[in-house]
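Working notes for the structure below.
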Amino acid sequence: MFKDILMSMRPKQWYKNLVIFIGIVFSLNLLNFNLWTNVISAFVVFCLLSGSIYIINDCLDVEKDRNHPKKCERPLASGRLKKPHALLFSGIAVVIALLLAYTVNTSLFLVSLSFFGLILVYSLFLKEMILVDILVISAGFVLRAVAGCVAIGIFVSSWLILCTFLMALFLALVKRRHELILLKDKAGSHRKILESYSEDMLDQMINITTASLIMSYSLYTFFAQNIYLMATIPLAFYGVFRYLFLVHSNGIGGEPEIIFKDKGMVISMTLWVALVIGVLYFNKLGLPGV
């Protein structure tokens with residue numbers, strides 16, 4: 001049963017909580033090891049919360065998941081895991097997560113509680129509202145990024161909020177498109193909201209969001225105190241375009257974790273992270289001319 005509960009918490013999806021570490025990197029506190037305990041605690045909090053919400057969502061969507069070619073194999077949909085056991089563990093995990101958040105600071109507790117409340121309401125109601133569903137998912141990523149900042153007591157940048165929101169919106173739109181294409185005539189039986197979307201509509205929104213994302217990131221580097229951040233723009237562009245290429249050529253938009261499996265994505269992300277850290281922290285160490 002424990003294995004089925006862990007599978008229901010979808011640990012493979014916990015990489016989404018890596019957004020929490022953005023704050024400590026861009027605030028130039030990466031080498032401030034005193035703050036790492038708080039950031040790691042925030043990461044654990046959101047892994048527990050997101051895992052608990054996945055369980056609740058699976059309990060609500062058992063019948064719908066049984067109509068999905070892949071989700072029908074999940075522990076709850078397949079019948080291997082019973083709802084009472086899953087919900088009990090979910091409740092315990094939420095309590096532990098919120099207590100841990102409170103021990104870090106009150107701000108992290110409030111952000112964590114807001115995240116749990118928002119995604120819970122999404123699972124219950126908002127996921128059936130066209131456009132609202134993808135906006136709420138994006139807001140959840142913003143709260144993750146904010147949590148990483150408040151955990152170490154730093155200012156939450158408007159650029160951080162904007163770029164995080166647009167990236168999450170981009171991924172959410174691509175996932176909806178993938179679901180629509182994969183399920184075809186059965187889309188509505190799995191997720192009713194899919195009946196309100198169309199492939200052309202999603203393609204247009206993806207185009208708008210992609211343009212907004214790369215422009216926002218570019219503007220951030222232009223206005224940053226360290227102008228050498230502009231050197232990261234080509235890698236950021238490549239990453240976005242590579243993901244779009246994979247979506248249209250291989251139809252993998254329903255699995256964002258493919259970014260860790262595709263060689264081109266892994267290389268571009270690794271180089272981007274290395275370049276960002278190099279530019280920011282060489283500057284902090286006093287690199288001449290930076």
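Chain lettering (A, B, ...) mirrors the order of the structure tokens, residue numbering begins at 1 for each chain separately, and ligand numbering begins at 1 in order of display.
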Inset, instruction - With a distance cut-off of 12 Å and only C-alpha atoms, select the neighbouring residues of Phe155 (chain A), excluding the residue or stretch itself and same-chain residues fewer than 6 positions from it, and output the selection as a list of chain:residue names. - result: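 Residues near the query, excluding close chain neighbours: A:Gly23, A:Ile24, A:Phe26, A:Ser27, A:Ala145, A:Val146, A:Ala147, A:Gly148, A:Cys149, A:Ile161.
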Inset, instruction - May I have the residues within 10 Å of region 91-105 of chain A as JSON, numbers by chain, using only C-alpha atoms and disregarding those fewer than 2 positions away in the same chain? - result: {"A": [37, 38, 39, 41, 42, 43, 44, 45, 46, 47, 48, 49, 50, 51, 52, 53, 55, 56, 86, 87, 88, 89, 107, 108, 109, 110, 111, 112, 113, 116, 147, 150, 151, 152, 153]}
For N, CA and C atoms, I'd like the residues from the last selection saved as an mmCIF file, in the first residue's frame.
data_model
loop_
_atom_site.group_PDB
_atom_site.id
_atom_site.type_symbol
_atom_site.label_atom_id
_atom_site.label_comp_id
_atom_site.auth_asym_id
_atom_site.auth_seq_id
_atom_site.Cartn_x
_atom_site.Cartn_y
_atom_site.Cartn_z
ATOM 1 N N THR A 37 18.915 25.612 4.652
ATOM 2 C CA THR A 37 17.988 24.803 5.453
ATOM 3 C C THR A 37 16.553 25.234 5.209
ATOM 4 N N ASN A 38 16.339 26.554 5.158
ATOM 5 C CA ASN A 38 14.989 27.071 4.927
ATOM 6 C C ASN A 38 14.481 26.751 3.528
ATOM 7 N N VAL A 39 15.369 26.870 2.527
ATOM 8 C CA VAL A 39 14.956 26.601 1.146
ATOM 9 C C VAL A 39 14.622 25.126 0.966
ATOM 10 N N SER A 41 13.691 23.092 3.282
ATOM 11 C CA SER A 41 12.451 22.847 4.024
ATOM 12 C C SER A 41 11.246 23.256 3.199
ATOM 13 N N ALA A 42 11.356 24.405 2.517
ATOM 14 C CA ALA A 42 10.253 24.861 1.657
ATOM 15 C C ALA A 42 10.010 23.868 0.523
ATOM 16 N N PHE A 43 11.085 23.332 -0.022
ATOM 17 C CA PHE A 43 10.963 22.330 -1.089
ATOM 18 C C PHE A 43 10.219 21.098 -0.583
ATOM 19 N N VAL A 44 10.583 20.620 0.607
ATOM 20 C CA VAL A 44 9.922 19.449 1.192
ATOM 21 C C VAL A 44 8.453 19.743 1.449
ATOM 22 N N VAL A 45 8.160 20.941 1.943
ATOM 23 C CA VAL A 45 6.773 21.350 2.210
ATOM 24 C C VAL A 45 5.928 21.251 0.948
ATOM 25 N N PHE A 46 6.438 21.785 -0.142
ATOM 26 C CA PHE A 46 5.652 21.806 -1.378
ATOM 27 C C PHE A 46 5.595 20.440 -2.052
ATOM 28 N N CYS A 47 6.595 19.607 -1.826
ATOM 29 C CA CYS A 47 6.511 18.231 -2.327
ATOM 30 C C CYS A 47 5.396 17.483 -1.611
ATOM 31 N N LEU A 48 5.299 17.673 -0.301
ATOM 32 C CA LEU A 48 4.240 17.022 0.470
ATOM 33 C C LEU A 48 2.867 17.564 0.085
ATOM 34 N N LEU A 49 2.768 18.891 -0.066
ATOM 35 C CA LEU A 49 1.484 19.492 -0.406
ATOM 36 C C LEU A 49 1.026 19.088 -1.804
ATOM 37 N N SER A 50 1.933 19.175 -2.769
ATOM 38 C CA SER A 50 1.553 18.827 -4.141
ATOM 39 C C SER A 50 1.233 17.338 -4.246
ATOM 40 N N GLY A 51 1.995 16.500 -3.531
ATOM 41 C CA GLY A 51 1.710 15.071 -3.528
ATOM 42 C C GLY A 51 0.355 14.769 -2.925
ATOM 43 N N SER A 52 0.004 15.474 -1.862
ATOM 44 C CA SER A 52 -1.297 15.290 -1.221
ATOM 45 C C SER A 52 -2.426 15.700 -2.139
ATOM 46 N N ILE A 53 -2.226 16.780 -2.857
ATOM 47 C CA ILE A 53 -3.259 17.262 -3.780
ATOM 48 C C ILE A 53 -3.428 16.290 -4.942
ATOM 49 N N ILE A 55 -3.163 13.119 -4.724
ATOM 50 C CA ILE A 55 -3.981 12.037 -4.191
ATOM 51 C C ILE A 55 -5.450 12.432 -4.162
ATOM 52 N N ILE A 56 -5.726 13.644 -3.672
ATOM 53 C CA ILE A 56 -7.105 14.125 -3.612
ATOM 54 C C ILE A 56 -7.702 14.209 -5.009
ATOM 55 N N ALA A 86 -5.987 6.400 1.062
ATOM 56 C CA ALA A 86 -5.300 7.475 0.344
ATOM 57 C C ALA A 86 -5.592 8.837 0.977
ATOM 58 N N LEU A 87 -6.855 9.093 1.304
ATOM 59 C CA LEU A 87 -7.245 10.381 1.886
ATOM 60 C C LEU A 87 -6.681 10.565 3.290
ATOM 61 N N LEU A 88 -6.600 9.485 4.060
ATOM 62 C CA LEU A 88 -6.018 9.569 5.401
ATOM 63 C C LEU A 88 -4.554 9.973 5.322
ATOM 64 N N PHE A 89 -3.805 9.321 4.458
ATOM 65 C CA PHE A 89 -2.393 9.658 4.302
ATOM 66 C C PHE A 89 -2.229 11.078 3.784
ATOM 67 N N SER A 107 5.487 33.647 7.069
ATOM 68 C CA SER A 107 5.241 33.964 5.659
ATOM 69 C C SER A 107 5.181 32.697 4.815
ATOM 70 N N LEU A 108 6.110 31.782 5.045
ATOM 71 C CA LEU A 108 6.095 30.528 4.291
ATOM 72 C C LEU A 108 4.832 29.733 4.622
ATOM 73 N N PHE A 109 4.420 29.754 5.871
ATOM 74 C CA PHE A 109 3.194 29.057 6.263
ATOM 75 C C PHE A 109 1.995 29.612 5.501
ATOM 76 N N LEU A 110 1.888 30.940 5.405
ATOM 77 C CA LEU A 110 0.754 31.558 4.722
ATOM 78 C C LEU A 110 0.770 31.274 3.218
ATOM 79 N N VAL A 111 1.956 31.324 2.615
ATOM 80 C CA VAL A 111 2.062 31.022 1.187
ATOM 81 C C VAL A 111 1.725 29.558 0.931
ATOM 82 N N SER A 112 2.212 28.671 1.796
ATOM 83 C CA SER A 112 1.940 27.240 1.655
ATOM 84 C C SER A 112 0.452 26.957 1.809
ATOM 85 N N LEU A 113 -0.170 27.593 2.784
ATOM 86 C CA LEU A 113 -1.608 27.417 3.003
ATOM 87 C C LEU A 113 -2.396 27.949 1.809
ATOM 88 N N PHE A 116 -2.058 25.411 -1.053
ATOM 89 C CA PHE A 116 -2.902 24.231 -0.851
ATOM 90 C C PHE A 116 -4.378 24.572 -1.090
ATOM 91 N N ALA A 147 7.292 31.276 -2.476
ATOM 92 C CA ALA A 147 7.644 30.524 -1.266
ATOM 93 C C ALA A 147 9.156 30.437 -1.089
ATOM 94 N N VAL A 150 10.203 33.977 0.274
ATOM 95 C CA VAL A 150 9.822 34.308 1.652
ATOM 96 C C VAL A 150 10.490 33.383 2.655
ATOM 97 N N ALA A 151 10.856 32.176 2.210
ATOM 98 C CA ALA A 151 11.520 31.231 3.117
ATOM 99 C C ALA A 151 12.854 31.768 3.602
ATOM 100 N N ILE A 152 13.512 32.577 2.752
ATOM 101 C CA ILE A 152 14.817 33.141 3.137
ATOM 102 C C ILE A 152 14.733 34.651 3.352
ATOM 103 N N GLY A 153 13.509 35.192 3.335
ATOM 104 C CA GLY A 153 13.306 36.594 3.670
ATOM 105 C C GLY A 153 13.857 37.586 2.677
#
Taking only region 62-216 of chain A into account, list the residues labelled helix (DSSP H, G or I) by DSSP (computed from the backbone), as a PDB file with C-alpha atoms, in the first residue's frame.
ATOM      1  CA  VAL A  62     -11.247   7.941 -10.428  1.00  0.00           C
ATOM      2  CA  GLU A  63     -13.961   7.294 -13.003  1.00  0.00           C
ATOM      3  CA  LYS A  64     -12.535   9.789 -15.514  1.00  0.00           C
ATOM      4  CA  ASP A  65      -9.021   8.380 -15.179  1.00  0.00           C
ATOM      5  CA  LYS A  71      -4.055   7.238 -16.183  1.00  0.00           C
ATOM      6  CA  CYS A  72      -6.177   4.082 -15.898  1.00  0.00           C
ATOM      7  CA  GLU A  73      -3.058   2.378 -14.540  1.00  0.00           C
ATOM      8  CA  PRO A  75      -3.277   2.958  -8.108  1.00  0.00           C
ATOM      9  CA  LEU A  76      -6.671   4.534  -7.364  1.00  0.00           C
ATOM     10  CA  ALA A  77      -8.081   4.202 -10.884  1.00  0.00           C
ATOM     11  CA  SER A  78      -6.966   0.570 -11.105  1.00  0.00           C
ATOM     12  CA  LYS A  83      -9.899   5.975  -1.231  1.00  0.00           C
ATOM     13  CA  PRO A  84     -10.075   6.014   2.613  1.00  0.00           C
ATOM     14  CA  HIS A  85      -6.433   4.945   2.941  1.00  0.00           C
ATOM     15  CA  ALA A  86      -5.300   7.475   0.344  1.00  0.00           C
ATOM     16  CA  LEU A  87      -7.245  10.381   1.886  1.00  0.00           C
ATOM     17  CA  LEU A  88      -6.018   9.569   5.401  1.00  0.00           C
ATOM     18  CA  PHE A  89      -2.393   9.658   4.302  1.00  0.00           C
ATOM     19  CA  SER A  90      -3.043  12.829   2.309  1.00  0.00           C
ATOM     20  CA  GLY A  91      -4.440  14.585   5.387  1.00  0.00           C
ATOM     21  CA  ILE A  92      -1.467  13.544   7.521  1.00  0.00           C
ATOM     22  CA  ALA A  93       0.972  14.790   4.866  1.00  0.00           C
ATOM     23  CA  VAL A  94      -0.776  18.182   4.678  1.00  0.00           C
ATOM     24  CA  VAL A  95      -0.596  18.641   8.462  1.00  0.00           C
ATOM     25  CA  ILE A  96       3.107  17.735   8.524  1.00  0.00           C
ATOM     26  CA  ALA A  97       3.830  20.091   5.610  1.00  0.00           C
ATOM     27  CA  LEU A  98       2.066  23.073   7.182  1.00  0.00           C
ATOM     28  CA  LEU A  99       3.732  22.476  10.559  1.00  0.00           C
ATOM     29  CA  LEU A 100       7.127  22.358   8.860  1.00  0.00           C
ATOM     30  CA  ALA A 101       6.345  25.575   6.979  1.00  0.00           C
ATOM     31  CA  TYR A 102       5.364  27.288  10.233  1.00  0.00           C
ATOM     32  CA  THR A 103       8.656  26.302  11.853  1.00  0.00           C
ATOM     33  CA  VAL A 104      10.501  28.125   9.044  1.00  0.00           C
ATOM     34  CA  THR A 106       4.951  32.680   9.224  1.00  0.00           C
ATOM     35  CA  SER A 107       5.241  33.964   5.659  1.00  0.00           C
ATOM     36  CA  LEU A 108       6.095  30.528   4.291  1.00  0.00           C
ATOM     37  CA  PHE A 109       3.194  29.057   6.263  1.00  0.00           C
ATOM     38  CA  LEU A 110       0.754  31.558   4.722  1.00  0.00           C
ATOM     39  CA  VAL A 111       2.062  31.022   1.187  1.00  0.00           C
ATOM     40  CA  SER A 112       1.940  27.240   1.655  1.00  0.00           C
ATOM     41  CA  LEU A 113      -1.608  27.417   3.003  1.00  0.00           C
ATOM     42  CA  SER A 114      -2.619  29.658   0.076  1.00  0.00           C
ATOM     43  CA  PHE A 115      -1.094  27.189  -2.374  1.00  0.00           C
ATOM     44  CA  PHE A 116      -2.902  24.231  -0.851  1.00  0.00           C
ATOM     45  CA  GLY A 117      -6.207  26.127  -0.737  1.00  0.00           C
ATOM     46  CA  LEU A 118      -5.895  27.346  -4.322  1.00  0.00           C
ATOM     47  CA  ILE A 119      -5.040  23.947  -5.809  1.00  0.00           C
ATOM     48  CA  LEU A 120      -7.697  22.230  -3.690  1.00  0.00           C
ATOM     49  CA  VAL A 121     -10.356  24.622  -4.994  1.00  0.00           C
ATOM     50  CA  TYR A 122      -8.964  23.998  -8.478  1.00  0.00           C
ATOM     51  CA  SER A 123      -9.417  20.243  -8.038  1.00  0.00           C
ATOM     52  CA  LEU A 124     -12.959  20.704  -6.742  1.00  0.00           C
ATOM     53  CA  LEU A 126     -11.962  25.603 -11.048  1.00  0.00           C
ATOM     54  CA  LYS A 127     -10.613  22.862 -13.302  1.00  0.00           C
ATOM     55  CA  GLU A 128     -14.011  22.807 -15.009  1.00  0.00           C
ATOM     56  CA  VAL A 132      -9.453  29.707 -15.432  1.00  0.00           C
ATOM     57  CA  ASP A 133      -8.037  26.179 -15.156  1.00  0.00           C
ATOM     58  CA  ILE A 134      -4.738  27.015 -16.869  1.00  0.00           C
ATOM     59  CA  LEU A 135      -4.443  30.373 -15.090  1.00  0.00           C
ATOM     60  CA  VAL A 136      -4.793  28.699 -11.690  1.00  0.00           C
ATOM     61  CA  ILE A 137      -2.122  26.136 -12.584  1.00  0.00           C
ATOM     62  CA  SER A 138       0.197  29.008 -13.521  1.00  0.00           C
ATOM     63  CA  ALA A 139      -0.608  30.841 -10.284  1.00  0.00           C
ATOM     64  CA  GLY A 140       0.418  27.700  -8.402  1.00  0.00           C
ATOM     65  CA  PHE A 141       3.897  27.930  -9.906  1.00  0.00           C
ATOM     66  CA  VAL A 142       4.103  31.595  -8.938  1.00  0.00           C
ATOM     67  CA  LEU A 143       3.296  30.671  -5.332  1.00  0.00           C
ATOM     68  CA  ARG A 144       6.097  28.110  -5.435  1.00  0.00           C
ATOM     69  CA  ALA A 145       8.552  30.793  -6.571  1.00  0.00           C
ATOM     70  CA  VAL A 146       7.266  33.223  -3.930  1.00  0.00           C
ATOM     71  CA  ALA A 147       7.644  30.524  -1.266  1.00  0.00           C
ATOM     72  CA  GLY A 148      11.323  30.166  -2.128  1.00  0.00           C
ATOM     73  CA  CYS A 149      11.781  33.897  -1.585  1.00  0.00           C
ATOM     74  CA  VAL A 150       9.822  34.308   1.652  1.00  0.00           C
ATOM     75  CA  SER A 158       8.031  41.341 -10.266  1.00  0.00           C
ATOM     76  CA  TRP A 159      10.182  39.826 -13.034  1.00  0.00           C
ATOM     77  CA  LEU A 160      10.295  36.536 -11.112  1.00  0.00           C
ATOM     78  CA  ILE A 161       6.503  36.504 -10.878  1.00  0.00           C
ATOM     79  CA  LEU A 162       5.988  37.411 -14.539  1.00  0.00           C
ATOM     80  CA  CYS A 163       8.485  34.956 -16.040  1.00  0.00           C
ATOM     81  CA  THR A 164       7.387  32.109 -13.763  1.00  0.00           C
ATOM     82  CA  PHE A 165       3.733  32.733 -14.599  1.00  0.00           C
ATOM     83  CA  LEU A 166       4.351  32.788 -18.353  1.00  0.00           C
ATOM     84  CA  MET A 167       6.529  29.667 -18.320  1.00  0.00           C
ATOM     85  CA  ALA A 168       3.887  27.773 -16.340  1.00  0.00           C
ATOM     86  CA  LEU A 169       1.147  29.053 -18.635  1.00  0.00           C
ATOM     87  CA  PHE A 170       3.151  27.884 -21.653  1.00  0.00           C
ATOM     88  CA  LEU A 171       3.506  24.375 -20.207  1.00  0.00           C
ATOM     89  CA  ALA A 172      -0.163  24.212 -19.188  1.00  0.00           C
ATOM     90  CA  LEU A 173      -1.381  25.206 -22.655  1.00  0.00           C
ATOM     91  CA  VAL A 174       0.886  22.679 -24.334  1.00  0.00           C
ATOM     92  CA  LYS A 175      -0.381  19.966 -21.982  1.00  0.00           C
ATOM     93  CA  ARG A 176      -4.019  20.806 -22.791  1.00  0.00           C
ATOM     94  CA  ARG A 177      -3.200  20.599 -26.485  1.00  0.00           C
ATOM     95  CA  HIS A 178      -1.585  17.210 -26.002  1.00  0.00           C
ATOM     96  CA  GLU A 179      -4.594  15.882 -24.079  1.00  0.00           C
ATOM     97  CA  LEU A 180      -6.966  17.130 -26.768  1.00  0.00           C
ATOM     98  CA  ILE A 181      -5.012  15.401 -29.547  1.00  0.00           C
ATOM     99  CA  LEU A 182      -4.353  12.201 -27.598  1.00  0.00           C
ATOM    100  CA  LEU A 183      -7.908  11.591 -26.430  1.00  0.00           C
ATOM    101  CA  LYS A 184      -9.730  12.937 -29.528  1.00  0.00           C
ATOM    102  CA  ASP A 185     -13.443  12.046 -29.259  1.00  0.00           C
ATOM    103  CA  LYS A 186     -12.999  10.779 -25.686  1.00  0.00           C
ATOM    104  CA  ALA A 187     -11.476  14.061 -24.449  1.00  0.00           C
ATOM    105  CA  GLY A 188     -14.713  15.237 -22.861  1.00  0.00           C
ATOM    106  CA  SER A 189     -15.235  11.996 -20.942  1.00  0.00           C
ATOM    107  CA  HIS A 190     -11.800  12.336 -19.342  1.00  0.00           C
ATOM    108  CA  LYS A 192     -15.004  17.908 -19.495  1.00  0.00           C
ATOM    109  CA  ILE A 193     -13.261  21.239 -19.957  1.00  0.00           C
ATOM    110  CA  LEU A 194     -11.467  19.857 -23.029  1.00  0.00           C
ATOM    111  CA  GLU A 195     -14.755  20.066 -24.934  1.00  0.00           C
ATOM    112  CA  SER A 196     -14.465  23.879 -24.711  1.00  0.00           C
ATOM    113  CA  GLU A 199      -6.478  22.737 -31.224  1.00  0.00           C
ATOM    114  CA  ASP A 200      -6.455  26.001 -33.202  1.00  0.00           C
ATOM    115  CA  MET A 201      -7.430  28.013 -30.144  1.00  0.00           C
ATOM    116  CA  LEU A 202      -4.681  26.437 -28.038  1.00  0.00           C
ATOM    117  CA  ASP A 203      -2.103  26.932 -30.797  1.00  0.00           C
ATOM    118  CA  GLN A 204      -2.910  30.638 -30.919  1.00  0.00           C
ATOM    119  CA  MET A 205      -2.645  30.980 -27.134  1.00  0.00           C
ATOM    120  CA  ILE A 206       0.636  29.039 -27.145  1.00  0.00           C
ATOM    121  CA  ASN A 207       2.024  31.420 -29.779  1.00  0.00           C
ATOM    122  CA  ILE A 208       1.012  34.474 -27.741  1.00  0.00           C
ATOM    123  CA  THR A 209       2.390  33.033 -24.513  1.00  0.00           C
ATOM    124  CA  THR A 210       5.661  31.956 -26.123  1.00  0.00           C
ATOM    125  CA  ALA A 211       6.250  35.440 -27.533  1.00  0.00           C
ATOM    126  CA  SER A 212       5.379  37.042 -24.186  1.00  0.00           C
ATOM    127  CA  LEU A 213       7.670  34.670 -22.303  1.00  0.00           C
ATOM    128  CA  ILE A 214      10.785  35.225 -24.403  1.00  0.00           C
ATOM    129  CA  MET A 215      10.166  38.985 -24.514  1.00  0.00           C
ATOM    130  CA  SER A 216       9.688  39.183 -20.718  1.00  0.00           C
TER     131      SER A 216
END
